[in-house]
Each structure stands twice: as C-alpha cells, then as structure tokens.
$ cat structure.txt   # compact mmCIF, C-alpha atoms
# COMPACT_ATOMS: atom_id res chain seq x y z
CA MET W 1 0.00 0.00 0.00
CA GLY W 2 2.93 2.36 0.74
CA ALA W 3 4.20 1.98 -2.83
CA VAL W 4 0.76 2.93 -4.17
CA ASN W 5 0.71 6.07 -2.00
CA ARG W 6 4.16 7.06 -3.28
CA LEU W 7 3.18 6.51 -6.92
CA LEU W 8 -0.19 8.33 -6.69
CA PRO W 9 1.25 11.89 -7.04
CA LEU W 10 3.24 10.77 -10.10
CA CYS W 11 0.15 9.17 -11.65
CA VAL W 12 -1.88 12.32 -10.94
CA TRP W 13 0.79 14.52 -12.51
CA MET W 14 1.04 12.27 -15.58
CA SER W 15 -2.76 12.30 -15.96
CA ALA W 16 -2.69 16.09 -16.04
CA ALA W 17 -1.02 16.07 -19.46
CA CYS W 18 -4.37 16.99 -21.02
CA SER W 19 -4.90 20.59 -19.99
CA PRO W 20 -8.39 22.06 -19.57
CA SER W 21 -10.38 23.52 -22.41
CA SER W 22 -13.60 25.39 -21.88
CA ARG W 23 -14.85 27.19 -24.93
CA GLY W 24 -15.67 24.62 -27.58
CA THR W 25 -12.08 23.72 -28.37
CA PRO W 26 -10.45 20.35 -27.89
CA ALA W 27 -8.33 19.81 -24.81
CA SER W 28 -4.62 20.26 -25.40
CA SER W 29 -2.16 17.46 -24.87
CA SER W 30 0.65 19.78 -23.79
CA GLU W 31 2.33 19.64 -20.39
CA PRO W 32 0.81 21.79 -17.62
CA PRO W 33 2.69 24.98 -16.69
CA PRO W 34 5.54 24.28 -14.22
CA ASP W 35 3.89 26.35 -11.47
CA SER W 36 0.49 24.65 -11.77
CA LYS W 37 -0.87 22.14 -9.29
CA PRO W 38 -1.89 18.65 -10.51
CA THR W 39 -5.45 18.94 -11.81
CA LEU W 40 -6.67 15.47 -10.84
CA SER W 41 -6.51 16.14 -7.11
CA ALA W 42 -9.31 15.20 -4.74
CA PRO W 43 -12.48 17.12 -5.63
CA SER W 44 -13.62 19.82 -3.22
CA GLY W 45 -17.31 19.13 -3.81
CA THR W 46 -19.60 16.37 -4.94
CA VAL W 47 -18.64 13.95 -7.72
CA LEU W 48 -21.39 13.42 -10.32
CA GLU W 49 -20.79 10.21 -12.30
CA LEU W 50 -22.53 9.75 -15.66
CA ALA W 51 -22.64 6.81 -18.08
CA SER W 52 -23.81 6.35 -21.67
CA SER W 53 -27.41 5.98 -20.42
CA ASP W 54 -27.25 9.64 -19.23
CA ARG W 55 -26.66 10.92 -22.79
CA GLY W 56 -28.82 13.99 -23.44
CA LYS W 57 -30.20 14.23 -19.88
CA PRO W 58 -29.69 17.75 -18.46
CA GLN W 59 -27.56 17.82 -15.30
CA THR W 60 -27.11 20.32 -12.45
CA MET W 61 -24.06 20.73 -10.26
CA ARG W 62 -22.37 23.38 -8.11
CA VAL W 63 -19.09 25.27 -8.45
CA GLY W 64 -16.29 23.02 -7.15
CA ASP W 65 -18.11 19.78 -8.05
CA THR W 66 -16.56 17.21 -10.38
CA LEU W 67 -18.28 15.60 -13.36
CA GLY W 68 -17.08 12.14 -14.36
CA ILE W 69 -18.32 10.52 -17.57
CA LYS W 70 -17.64 6.77 -17.95
CA LEU W 71 -17.95 5.31 -21.45
CA SER W 72 -16.95 1.94 -22.93
CA ASP W 73 -15.13 1.46 -26.21
CA SER W 74 -16.22 -1.36 -28.52
CA ALA W 75 -15.19 -4.83 -27.41
CA GLN W 76 -11.69 -5.89 -28.38
CA GLY W 77 -11.53 -8.60 -30.99
CA LEU W 78 -14.39 -7.21 -33.10
CA HIS W 79 -13.92 -6.84 -36.83
CA ARG W 80 -12.79 -3.27 -37.66
CA ASP W 81 -16.17 -2.48 -39.27
CA TYR W 82 -17.81 -2.75 -35.83
CA ARG W 83 -15.15 -1.04 -33.66
CA TYR W 84 -15.28 2.45 -32.18
CA GLY W 85 -13.60 4.54 -29.50
CA TRP W 86 -13.97 8.03 -28.05
CA GLY W 87 -12.39 11.23 -29.32
CA THR W 88 -11.27 14.40 -27.56
CA PRO W 89 -14.06 16.10 -25.59
CA THR W 90 -15.06 19.71 -26.10
CA VAL W 91 -16.79 22.05 -23.66
CA GLU W 92 -18.95 24.93 -24.86
CA GLY W 93 -19.55 27.59 -22.20
CA GLY W 94 -17.34 28.74 -19.36
CA ALA W 95 -18.93 26.84 -16.47
CA LEU W 96 -16.87 23.63 -16.81
CA GLU W 97 -13.26 22.82 -17.57
CA PHE W 98 -11.87 19.54 -18.90
CA VAL W 99 -9.54 18.02 -16.30
CA GLY W 100 -8.40 14.74 -17.80
CA ARG W 101 -9.06 11.33 -19.25
CA LYS W 102 -8.21 7.86 -18.00
CA THR W 103 -8.39 4.64 -20.02
CA THR W 104 -8.73 1.31 -18.24
CA ASN W 105 -8.11 -1.77 -20.36
CA PRO W 106 -9.75 -5.10 -19.55
CA PRO W 107 -7.63 -7.66 -17.72
CA ALA W 108 -5.26 -9.61 -19.98
CA ASP W 109 -7.12 -12.86 -19.25
CA VAL W 110 -10.46 -11.45 -20.52
CA ASP W 111 -10.98 -12.31 -24.17
CA GLY W 112 -12.81 -9.58 -26.09
CA GLY W 113 -13.31 -7.20 -23.13
CA SER W 114 -14.01 -3.51 -23.62
CA PRO W 115 -11.66 -0.70 -22.62
CA ARG W 116 -13.36 1.89 -20.42
CA GLU W 117 -12.81 5.64 -20.62
CA ARG W 118 -13.42 8.13 -17.80
CA PHE W 119 -13.53 11.80 -18.73
CA GLU W 120 -13.34 14.30 -15.86
CA PHE W 121 -14.55 17.90 -15.77
CA ARG W 122 -14.64 20.48 -12.97
CA ALA W 123 -17.34 23.10 -12.38
CA ILE W 124 -15.46 26.41 -12.22
CA SER W 125 -18.14 29.12 -12.41
CA PRO W 126 -21.93 29.53 -12.42
CA GLY W 127 -23.49 29.20 -15.87
CA GLN W 128 -24.22 26.70 -18.62
CA ALA W 129 -21.94 24.26 -20.40
CA THR W 130 -22.38 21.55 -23.01
CA VAL W 131 -19.97 18.63 -23.03
CA SER W 132 -19.54 16.75 -26.32
CA ILE W 133 -17.47 13.58 -26.67
CA PRO W 134 -17.36 12.38 -30.29
CA VAL W 135 -17.11 8.80 -31.46
CA LYS W 136 -13.67 8.16 -32.95
CA SER W 137 -12.58 5.62 -35.54
CA ALA W 138 -16.04 4.15 -35.94
CA GLY W 139 -16.27 1.37 -38.48
CA ALA W 140 -19.00 1.33 -41.13
CA GLU W 141 -21.16 -1.03 -39.05
CA ALA W 142 -20.41 0.42 -35.60
CA ASN W 143 -23.53 1.13 -33.57
CA ALA W 144 -22.26 4.18 -31.70
CA SER W 145 -23.04 7.88 -31.47
CA GLY W 146 -21.34 10.74 -29.67
CA PHE W 147 -22.07 11.61 -26.05
CA VAL W 148 -23.56 15.07 -25.40
CA VAL W 149 -24.82 16.44 -22.10
CA SER W 150 -25.93 19.90 -20.98
CA VAL W 151 -24.88 21.02 -17.50
CA ALA W 152 -26.14 23.93 -15.40
CA VAL W 153 -23.64 25.05 -12.75
CA THR W 154 -24.88 27.00 -9.74
CA ASP W 155 -22.96 28.92 -7.07
CA ARG W 156 -21.88 26.99 -3.95
CA SER W 157 -23.89 29.12 -1.54
$ encode --input "structure.txt" --output "structure tokens"
Amino acid sequence: MGAVNRLLPLCVWMSAACSPSSRGTPASSSEPPPDSKPTLSAPSGTVLELASSDRGKPQTMRVGDTLGIKLSDSAQGLHRDYRYGWGTPTVEGGALEFVGRKTTNPPADVDGGSPRERFEFRAISPGQATVSIPVKSAGAEANASGFVVSVAVTDRS
C-alpha cells in the first residue's frame, strides 16, 4: 500500500497532461505549466458520475463539483467495421473545464473485453456548459453515437 501512495502523485501529474479547455475547443495534450498544481486532485465538492445511459439528460451541479463521464469502447476482438472509440471532448460555455481522461483496459485474461474511458470535468463558475465527446474511428457497421450532455452550474452558496 505504501508503494501505491508514493506513486499516486506521479500518476496524478502524468494524468494532467491533457490541460483544460472550456470554450468549444479540444483539450490540449501539452504539459501543464511548471507552477500549476496537478489537476486530478481530490475534488472539493460532490462527484457526479454519468454513463452512456445519461446521454442527453440535463444535469445540475455546483461550483467546485466534479463531473465524471464513464464510457466503454467497442469490445476488443471485433472486426474493424464494428469497432469504435472516443475522441477528444469539447466544452462549450465557461462553467466547466476539462480536467483529464483515464483509459482502463480489460484484464489480460479477458478475451474480447471492452476498454473503459473516464472523462473528468470540474465546475469552475456559475453558468451553462455543453460537453460533447465524439465517437472516434467508428467502423462502417459500428452502432455508436457521440455523447452530449448539458450542464447547469450554480454557485456553492
């Protein structure tokens, strides 16, 4: 357990390689500024977790809260015509910022498992935001569509 605690700050720093984007532009993959703090630190508010079933359902959260969106890629081992993954998210509106993305692959002993993606956003100011995560590399027969959700962010008080 001690080794995990020592590696956690390094993992958090490495996860911060995708810097926030908040006005309809893709998140950058550049390194964070040297004086910045790691962005995947413990949230100060509530964590709102969404999945593909929450697509299109309006959400409400408060400044300081964290939004996590968990999506699965297509199962490994499928023919390329049926495969898909997730592209770089965009945020329209200034209420949310993109914090990072984490991919978890299925265990090596699972044949045909699906990688899972978790996209994280932080509520930074009152207002509206729309998060869009496009489908990437979809084959001609892939049954997948992008994830879009509208979020209203209110003040903490």
$ residues_near_point --input "structure.txt" --point "(-17.8, 8.2, -24.4)" --cutoff "6 Å" --atoms "all atoms listed in the file" --output "number ranges by chain"
W: 71, 86, 133, 147
$ closest_residue --input "structure.txt" --among "W:Gly56, W:Asp81, W:Ile69, W:Val153" --to "Arg101 of chain W" --atoms "all atoms listed in the file"
W:Ile69
$ residues_around --input "structure.txt" --residues "segment 121-123 of chain W" --least-positions-apart "4" --cutoff "9 Å" --atoms "all atoms listed in the file" --output "ChimeraX atom specification"
/W:20,43,61-69,94-100,153-154
$ write_last_selection --input "structure.txt" --atoms "C-alpha atoms" --output "tab-separated table (two decimals), keeping the file's coordinate frame"
chain	number	residue	atom	x	y	z
W	20	PRO	CA	-8.39	22.06	-19.57
W	43	PRO	CA	-12.48	17.12	-5.63
W	61	MET	CA	-24.06	20.73	-10.26
W	62	ARG	CA	-22.37	23.38	-8.11
W	63	VAL	CA	-19.09	25.27	-8.45
W	64	GLY	CA	-16.29	23.02	-7.15
W	65	ASP	CA	-18.11	19.78	-8.05
W	66	THR	CA	-16.56	17.21	-10.38
W	67	LEU	CA	-18.28	15.60	-13.36
W	68	GLY	CA	-17.08	12.14	-14.36
W	69	ILE	CA	-18.32	10.52	-17.57
W	94	GLY	CA	-17.34	28.74	-19.36
W	95	ALA	CA	-18.93	26.84	-16.47
W	96	LEU	CA	-16.87	23.63	-16.81
W	97	GLU	CA	-13.26	22.82	-17.57
W	98	PHE	CA	-11.87	19.54	-18.90
W	99	VAL	CA	-9.54	18.02	-16.30
W	100	GLY	CA	-8.40	14.74	-17.80
W	153	VAL	CA	-23.64	25.05	-12.75
W	154	THR	CA	-24.88	27.00	-9.74
$ axis_aligned_box --input "structure.txt" --around "segment 54-59 of chain W" --padding-each-side "3 Å" --output "AutoDock Vina command-line options"
--center_x -28.4 --center_y 13.7 --center_z -19.4 --size_x 9.5 --size_y 14.2 --size_z 14.1
$ closest_residue --input "structure.txt" --among "W:Pro58, W:Val131, W:Thr90, W:Ser52" --to "Ala144 of chain W" --atoms "all atoms listed in the file"
W:Ser52
$ residues_around --input "structure.txt" --residues "Gly85 of chain W" --least-positions-apart "3" --cutoff "8 Å" --atoms "all atoms listed in the file" --output "list in words"
Ser72, Asp73, Ser74, Val135, Lys136, Ser137 and Ala138 of chain W
$ closest_residue --input "structure.txt" --among "W:Asp155, W:Pro115, W:Ser125, W:Thr60" --to "Ala75 of chain W" --atoms "all atoms listed in the file"
W:Pro115
$ atom_distance --input "structure.txt" --atom1 "atom CA of Tyr82 of chain W" --atom2 "atom CA of Glu49 of chain W"
27.0 Å
$ residues_around --input "structure.txt" --residues "Gln59 of chain W" --least-positions-apart "3" --cutoff "9 Å" --atoms "all atoms listed in the file" --output "PyMOL selection string"
chain W and resi 149-153
$ write_last_selection --input "structure.txt" --atoms "C-alpha atoms" --output "CSV table (one decimal), in the frame of the given file"
chain,number,residue,atom,x,y,z
W,149,VAL,CA,-24.8,16.4,-22.1
W,150,SER,CA,-25.9,19.9,-21.0
W,151,VAL,CA,-24.9,21.0,-17.5
W,152,ALA,CA,-26.1,23.9,-15.4
W,153,VAL,CA,-23.6,25.0,-12.8
$ atom_distance --input "structure.txt" --atom1 "atom CA of Ser132 of chain W" --atom2 "atom CA of Ser145 of chain W"
10.8 Å
$ closest_residue --input "structure.txt" --among "W:Ile124, W:Glu92, W:Asn105, W:Ala142" --to "Arg156 of chain W" --atoms "all atoms listed in the file"
W:Ile124
$ atom_distance --input "structure.txt" --atom1 "atom CA of His79 of chain W" --atom2 "atom CA of Asp111 of chain W"
14.1 Å
$ closest_residue --input "structure.txt" --among "W:Ala129, W:Pro89, W:Pro107, W:Tyr84" --to "Asn143 of chain W" --atoms "all atoms listed in the file"
W:Tyr84
$ closest_residue --input "structure.txt" --among "W:Ala140, W:Thr104, W:Ser114, W:Ser157" --to "Arg80 of chain W" --atoms "only C-alpha atoms"
W:Ala140
$ build_atoms --input "structure.txt" --residues "segment 109-144 of chain W" --atoms "N, CA and C atoms" --output "PDB file, keeping the file's coordinate frame"
ATOM      1  N   ASP W 109      -6.505 -11.536 -19.126  1.00  0.00           N
ATOM      2  CA  ASP W 109      -7.120 -12.860 -19.250  1.00  0.00           C
ATOM      3  C   ASP W 109      -8.578 -12.799 -19.719  1.00  0.00           C
ATOM      4  N   VAL W 110      -9.091 -11.594 -20.029  1.00  0.00           N
ATOM      5  CA  VAL W 110     -10.460 -11.450 -20.520  1.00  0.00           C
ATOM      6  C   VAL W 110     -10.408 -11.336 -22.037  1.00  0.00           C
ATOM      7  N   ASP W 111     -10.989 -12.299 -22.709  1.00  0.00           N
ATOM      8  CA  ASP W 111     -10.980 -12.310 -24.170  1.00  0.00           C
ATOM      9  C   ASP W 111     -12.123 -11.443 -24.694  1.00  0.00           C
ATOM     10  N   GLY W 112     -11.790 -10.422 -25.473  1.00  0.00           N
ATOM     11  CA  GLY W 112     -12.810  -9.580 -26.090  1.00  0.00           C
ATOM     12  C   GLY W 112     -13.415  -8.531 -25.178  1.00  0.00           C
ATOM     13  N   GLY W 113     -12.781  -8.221 -24.040  1.00  0.00           N
ATOM     14  CA  GLY W 113     -13.310  -7.200 -23.130  1.00  0.00           C
ATOM     15  C   GLY W 113     -13.250  -5.811 -23.741  1.00  0.00           C
ATOM     16  N   SER W 114     -13.957  -4.883 -23.124  1.00  0.00           N
ATOM     17  CA  SER W 114     -14.010  -3.510 -23.620  1.00  0.00           C
ATOM     18  C   SER W 114     -13.187  -2.573 -22.764  1.00  0.00           C
ATOM     19  N   PRO W 115     -12.330  -1.756 -23.388  1.00  0.00           N
ATOM     20  CA  PRO W 115     -11.660  -0.700 -22.620  1.00  0.00           C
ATOM     21  C   PRO W 115     -12.716   0.287 -22.110  1.00  0.00           C
ATOM     22  N   ARG W 116     -12.435   0.905 -20.986  1.00  0.00           N
ATOM     23  CA  ARG W 116     -13.360   1.890 -20.420  1.00  0.00           C
ATOM     24  C   ARG W 116     -12.629   3.227 -20.329  1.00  0.00           C
ATOM     25  N   GLU W 117     -13.347   4.281 -20.666  1.00  0.00           N
ATOM     26  CA  GLU W 117     -12.810   5.640 -20.620  1.00  0.00           C
ATOM     27  C   GLU W 117     -13.539   6.408 -19.531  1.00  0.00           C
ATOM     28  N   ARG W 118     -12.800   7.216 -18.777  1.00  0.00           N
ATOM     29  CA  ARG W 118     -13.420   8.130 -17.800  1.00  0.00           C
ATOM     30  C   ARG W 118     -12.901   9.526 -18.100  1.00  0.00           C
ATOM     31  N   PHE W 119     -13.834  10.403 -18.438  1.00  0.00           N
ATOM     32  CA  PHE W 119     -13.530  11.800 -18.730  1.00  0.00           C
ATOM     33  C   PHE W 119     -13.926  12.610 -17.498  1.00  0.00           C
ATOM     34  N   GLU W 120     -13.059  13.527 -17.073  1.00  0.00           N
ATOM     35  CA  GLU W 120     -13.340  14.300 -15.860  1.00  0.00           C
ATOM     36  C   GLU W 120     -13.361  15.793 -16.178  1.00  0.00           C
ATOM     37  N   PHE W 121     -14.364  16.460 -15.598  1.00  0.00           N
ATOM     38  CA  PHE W 121     -14.550  17.900 -15.770  1.00  0.00           C
ATOM     39  C   PHE W 121     -14.791  18.512 -14.397  1.00  0.00           C
ATOM     40  N   ARG W 122     -14.428  19.777 -14.237  1.00  0.00           N
ATOM     41  CA  ARG W 122     -14.640  20.480 -12.970  1.00  0.00           C
ATOM     42  C   ARG W 122     -15.502  21.709 -13.214  1.00  0.00           C
ATOM     43  N   ALA W 123     -16.474  21.918 -12.309  1.00  0.00           N
ATOM     44  CA  ALA W 123     -17.340  23.100 -12.380  1.00  0.00           C
ATOM     45  C   ALA W 123     -16.557  24.282 -11.804  1.00  0.00           C
ATOM     46  N   ILE W 124     -16.322  25.307 -12.639  1.00  0.00           N
ATOM     47  CA  ILE W 124     -15.460  26.410 -12.220  1.00  0.00           C
ATOM     48  C   ILE W 124     -16.191  27.732 -12.018  1.00  0.00           C
ATOM     49  N   SER W 125     -17.391  27.875 -12.603  1.00  0.00           N
ATOM     50  CA  SER W 125     -18.140  29.120 -12.410  1.00  0.00           C
ATOM     51  C   SER W 125     -19.611  28.877 -12.722  1.00  0.00           C
ATOM     52  N   PRO W 126     -20.501  29.684 -12.128  1.00  0.00           N
ATOM     53  CA  PRO W 126     -21.930  29.530 -12.420  1.00  0.00           C
ATOM     54  C   PRO W 126     -22.192  29.775 -13.905  1.00  0.00           C
ATOM     55  N   GLY W 127     -23.132  29.037 -14.466  1.00  0.00           N
ATOM     56  CA  GLY W 127     -23.490  29.200 -15.870  1.00  0.00           C
ATOM     57  C   GLY W 127     -23.863  27.885 -16.509  1.00  0.00           C
ATOM     58  N   GLN W 128     -23.854  27.878 -17.826  1.00  0.00           N
ATOM     59  CA  GLN W 128     -24.220  26.700 -18.620  1.00  0.00           C
ATOM     60  C   GLN W 128     -23.000  26.174 -19.355  1.00  0.00           C
ATOM     61  N   ALA W 129     -22.994  24.878 -19.597  1.00  0.00           N
ATOM     62  CA  ALA W 129     -21.940  24.260 -20.400  1.00  0.00           C
ATOM     63  C   ALA W 129     -22.534  23.044 -21.109  1.00  0.00           C
ATOM     64  N   THR W 130     -22.010  22.762 -22.281  1.00  0.00           N
ATOM     65  CA  THR W 130     -22.380  21.550 -23.010  1.00  0.00           C
ATOM     66  C   THR W 130     -21.104  20.767 -23.271  1.00  0.00           C
ATOM     67  N   VAL W 131     -21.106  19.518 -22.829  1.00  0.00           N
ATOM     68  CA  VAL W 131     -19.970  18.630 -23.030  1.00  0.00           C
ATOM     69  C   VAL W 131     -20.296  17.711 -24.201  1.00  0.00           C
ATOM     70  N   SER W 132     -19.385  17.637 -25.165  1.00  0.00           N
ATOM     71  CA  SER W 132     -19.540  16.750 -26.320  1.00  0.00           C
ATOM     72  C   SER W 132     -18.307  15.852 -26.416  1.00  0.00           C
ATOM     73  N   ILE W 133     -18.553  14.539 -26.500  1.00  0.00           N
ATOM     74  CA  ILE W 133     -17.470  13.580 -26.670  1.00  0.00           C
ATOM     75  C   ILE W 133     -17.794  12.795 -27.948  1.00  0.00           C
ATOM     76  N   PRO W 134     -17.039  13.034 -29.016  1.00  0.00           N
ATOM     77  CA  PRO W 134     -17.360  12.380 -30.290  1.00  0.00           C
ATOM     78  C   PRO W 134     -16.893  10.930 -30.338  1.00  0.00           C
ATOM     79  N   VAL W 135     -17.565  10.159 -31.173  1.00  0.00           N
ATOM     80  CA  VAL W 135     -17.110   8.800 -31.460  1.00  0.00           C
ATOM     81  C   VAL W 135     -15.917   8.927 -32.392  1.00  0.00           C
ATOM     82  N   LYS W 136     -14.905   8.112 -32.156  1.00  0.00           N
ATOM     83  CA  LYS W 136     -13.670   8.160 -32.950  1.00  0.00           C
ATOM     84  C   LYS W 136     -13.455   6.810 -33.618  1.00  0.00           C
ATOM     85  N   SER W 137     -12.960   6.839 -34.812  1.00  0.00           N
ATOM     86  CA  SER W 137     -12.580   5.620 -35.540  1.00  0.00           C
ATOM     87  C   SER W 137     -13.701   4.603 -35.611  1.00  0.00           C
ATOM     88  N   ALA W 138     -14.909   5.083 -35.844  1.00  0.00           N
ATOM     89  CA  ALA W 138     -16.040   4.150 -35.940  1.00  0.00           C
ATOM     90  C   ALA W 138     -16.014   3.454 -37.282  1.00  0.00           C
ATOM     91  N   GLY W 139     -16.172   2.140 -37.256  1.00  0.00           N
ATOM     92  CA  GLY W 139     -16.270   1.370 -38.480  1.00  0.00           C
ATOM     93  C   GLY W 139     -17.630   1.569 -39.128  1.00  0.00           C
ATOM     94  N   ALA W 140     -17.767   1.128 -40.358  1.00  0.00           N
ATOM     95  CA  ALA W 140     -19.000   1.330 -41.130  1.00  0.00           C
ATOM     96  C   ALA W 140     -20.225   0.707 -40.464  1.00  0.00           C
ATOM     97  N   GLU W 141     -20.040  -0.345 -39.695  1.00  0.00           N
ATOM     98  CA  GLU W 141     -21.160  -1.030 -39.050  1.00  0.00           C
ATOM     99  C   GLU W 141     -21.248  -0.752 -37.544  1.00  0.00           C
ATOM    100  N   ALA W 142     -20.416   0.140 -37.040  1.00  0.00           N
ATOM    101  CA  ALA W 142     -20.410   0.420 -35.600  1.00  0.00           C
ATOM    102  C   ALA W 142     -21.725   1.062 -35.179  1.00  0.00           C
ATOM    103  N   ASN W 143     -22.279   0.582 -34.102  1.00  0.00           N
ATOM    104  CA  ASN W 143     -23.530   1.130 -33.570  1.00  0.00           C
ATOM    105  C   ASN W 143     -23.182   2.055 -32.416  1.00  0.00           C
ATOM    106  N   ALA W 144     -22.696   3.251 -32.741  1.00  0.00           N
ATOM    107  CA  ALA W 144     -22.260   4.180 -31.700  1.00  0.00           C
ATOM    108  C   ALA W 144     -22.540   5.603 -32.147  1.00  0.00           C
TER     109      ALA W 144
END
